[in-house]
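These notes concern the structure reproduced below.
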Amino acid sequence: MFQSIELKQGIHLHIRKTDQFKTVNFSLKFKQILSEKSAAQRSVLANVLLHSNKKYPSNPAFRSALDELYGTSMYMDSSKKGNEHIITFMAESVNDQYLSSNGVLNQVIDLFKTVLFNPNADHHEFKDSIVKREKDSVIQRIESLYDDKTRYAQHRLIELLRPNHPASIGANGTIEEVESVTSKSLWEAYHQMLHEDELDIYIVGDVDMDEMTEKMKTLFPLEGRTLANKQEMEFNDVNNSNSSHVKEVQNMKQGKLHIGFETPITFTHPKFPIMQITNGIFGGYPHAKLFMNVREKESLAYYVSSSFSSSYGLVFVMAGIDASNEEKAIKLIDDQLEAMKNGEITQMEIDQTIAMLKNQLKEALDSARGQIEIFDQYKDLGEAFTVENWFSKWESVGKEDIQEMAKTIDKKMVYFLSGKEELAHEGTSL
């Protein structure tokens with residue numbers, strides 16, 4: 001799918017030459033071990049680098065420069081995957097061959113250089129006013145979690161289920177850590193990103209492979225770096241609380257029921273494809289047992305679904321319910337998993353789930369960004385990624401495989417977020 005070369009130790013270039021798109025897409029992924037402090041620093045850093053540099057000190061000036069390059073788009077964001085924090089720098093530009101004049105791609109690459117290597121800083125410190133502005137922006141992003149009750153409930157479940165663990169660390173860190181960011185500490189984070197992060201560079205488009213490789217070598221005259229051993233960075237802290245059922249109250253209407261399960265299966269496990277299908281039948285799709293029985297048949301939930309966090313070996317169920325239906329909903333959710341453990345799985349459920357997985361993969365590969373994200377994830381498996389290979393893996397899964405996989409899913413935590421009026425109506429006290 002991609003041709004990969006090592007530019008320097010810890011710096012890899014991945015190019016996919018294709019005429020599928022009229023654009024050329026670039027994606028730079030700077031990866032570092034995740035912590036609350038680093039997540040906060042790097043989220044602010046991504047904002048600061050993108051919105052202000054020496055050549056274009058204001059965001060309007062930078063956006064104007066992009067518009068002049070035939071509407072080139074460029075952005076940075078921060079995210080996490082497993083034990084890693086990732087700063088992604090992406091750009092999409094029309095291919096020169098579709099323009100009457102050449103040179104746009106070179107100008108886009110020059111703009112990459114400007115953003116990364118010519119930041120708006122003096123004496124090894126970013127400008128205080130810019131740092132303050134972008135800190136406020138990241139804090140607002142974190143605070144938005146509390147306004148979205150579904151996201152908040154999921155966050156609380158993971159905090160309870162995996163305290164002191166990467167699973168419960170947000171990609172933006174905490175408000176306290178963001179507030180502690182200074183112009184000097186941000187410069188140190190910037191220097192560390194350039195000189196210590198693992199760096200994957202992706203290019204998708206109808207480009208000359210050798211020419212683009214030389215351009216990237218020129219763009220990144222960086223030294224190689226020694227990377228932390230990801231296997232040595234495992235976190236083993238788990239929830240040691242005696243309570244496996246936690247209720248909390250906020251000023252809201254619809255109750256949020258979130259349940260956490262453990263499984264020994266993670267993304268790199270050989271049985272990962274079986275787990276994908278198992279989760280799909282449990283609650284991943286509209287034809288799944290949770291949707292058909294908890295919502296459609298019994299009308300106990302406004303919505304209900306399951307998801308599989310393959311980085312951490314966790315399965316989550318999320319449901320919107322009335323407080324009066326809490327016990328009934330939990331029991332019916334448990335019943336669906338128990339039915340799978342007992343082998344109550346139809347061939348139609350298997351076929352529908354495999355079809356949905358195939359469609360999702362095809363849709364992801366319809367965009368250059370999707371191709372980059374898929375390859376960036378699947379390359380860690382150490383095998384060449386092909387659509388046909390994954391279709392074959394799913395098609396080889398049978399009912400007994402799914403039944404045995406369901407038996408590995410163990411319920412660990414129930415979290416219920418309810419409204420005060422609901423609890424008062426039910427006469428519930430906490």
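Ordering of the structure tokens sets the chain letters (A, B, ...), residue numbers begin anew at 1 in every chain, and ligands are numbered from 1 in the order given.
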
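Of all the residues in stretch 297-371 of chain A, the ones DSSP labels as strand (DSSP E or B) from the backbone are Tyr303, Val304, Ser305, Ser306, Ser307, Phe308, Ser309, Leu314, Val315, Phe316, Val317, Met318, Ala319, Gly320 and Ile321 of chain A.
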
Determine, counting only C-alpha atoms, which protein, DNA and RNA residues have an atom within 9 Å of an atom of A:Thr114; residues of the same chain fewer than 4 positions away are not included. Present the result as number ranges by chain. A: 53-56, 109-110, 118-119

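When only C-alpha atoms are used to measure the gap to A:Glu327, the shortest distance among A:Phe308, A:Phe261, A:Trp187, A:Phe416 belongs to A:Phe416.
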
Pick out the closest residue to A:Ile130 from this set: A:Met76, A:Ala153, A:Val207, A:Leu50. Count only C-alpha atoms. A:Leu50

Have a look at A:Ile402, A:Ile281, A:Ile201, A:Ile372 and name the one nearest to A:His12; count only C-alpha atoms. A:Ile201

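In this structure, atom CA of A:Ile5 sits 10.2 Å away from atom CA of A:Asp200.
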
Please provide the set of residues having any atom within 9 Å of stretch 354-369 of chain A, restricted to only C-alpha atoms, with same-chain residues fewer than 6 positions apart removed, written as number ranges by chain. A: 20-21, 23-27, 90, 203-205, 276-277, 280, 285, 387, 390-391, 394-395

Could those selected residues go to a file with C-alpha atoms, as a PDB file, in the first residue's frame?
```pdb
ATOM      1  CA  GLN A  20      -6.842   8.058  -7.174  1.00  0.00           C
ATOM      2  CA  PHE A  21      -6.838  11.710  -6.060  1.00  0.00           C
ATOM      3  CA  THR A  23      -4.558  16.264  -4.595  1.00  0.00           C
ATOM      4  CA  VAL A  24      -1.383  15.472  -2.706  1.00  0.00           C
ATOM      5  CA  ASN A  25      -1.816  14.779   0.983  1.00  0.00           C
ATOM      6  CA  PHE A  26       0.908  15.130   3.591  1.00  0.00           C
ATOM      7  CA  SER A  27       0.716  13.919   7.185  1.00  0.00           C
ATOM      8  CA  MET A  90      -1.576  17.594   7.849  1.00  0.00           C
ATOM      9  CA  ILE A 203       2.520  11.290   1.401  1.00  0.00           C
ATOM     10  CA  VAL A 204      -0.400  10.183  -0.775  1.00  0.00           C
ATOM     11  CA  GLY A 205      -0.799  11.317  -4.383  1.00  0.00           C
ATOM     12  CA  GLN A 276     -13.955  -7.141  15.940  1.00  0.00           C
ATOM     13  CA  ILE A 277     -16.768  -9.445  14.851  1.00  0.00           C
ATOM     14  CA  GLY A 280     -20.032  -6.043  16.155  1.00  0.00           C
ATOM     15  CA  TYR A 285     -24.024  -2.117  14.644  1.00  0.00           C
ATOM     16  CA  VAL A 387      -7.730  -5.282   2.025  1.00  0.00           C
ATOM     17  CA  TRP A 390      -8.322  -8.565   6.226  1.00  0.00           C
ATOM     18  CA  PHE A 391     -11.381  -9.702   4.324  1.00  0.00           C
ATOM     19  CA  TRP A 394     -12.955 -11.943   8.895  1.00  0.00           C
ATOM     20  CA  GLU A 395     -14.417 -14.522   6.525  1.00  0.00           C
TER      21      GLU A 395
END
```
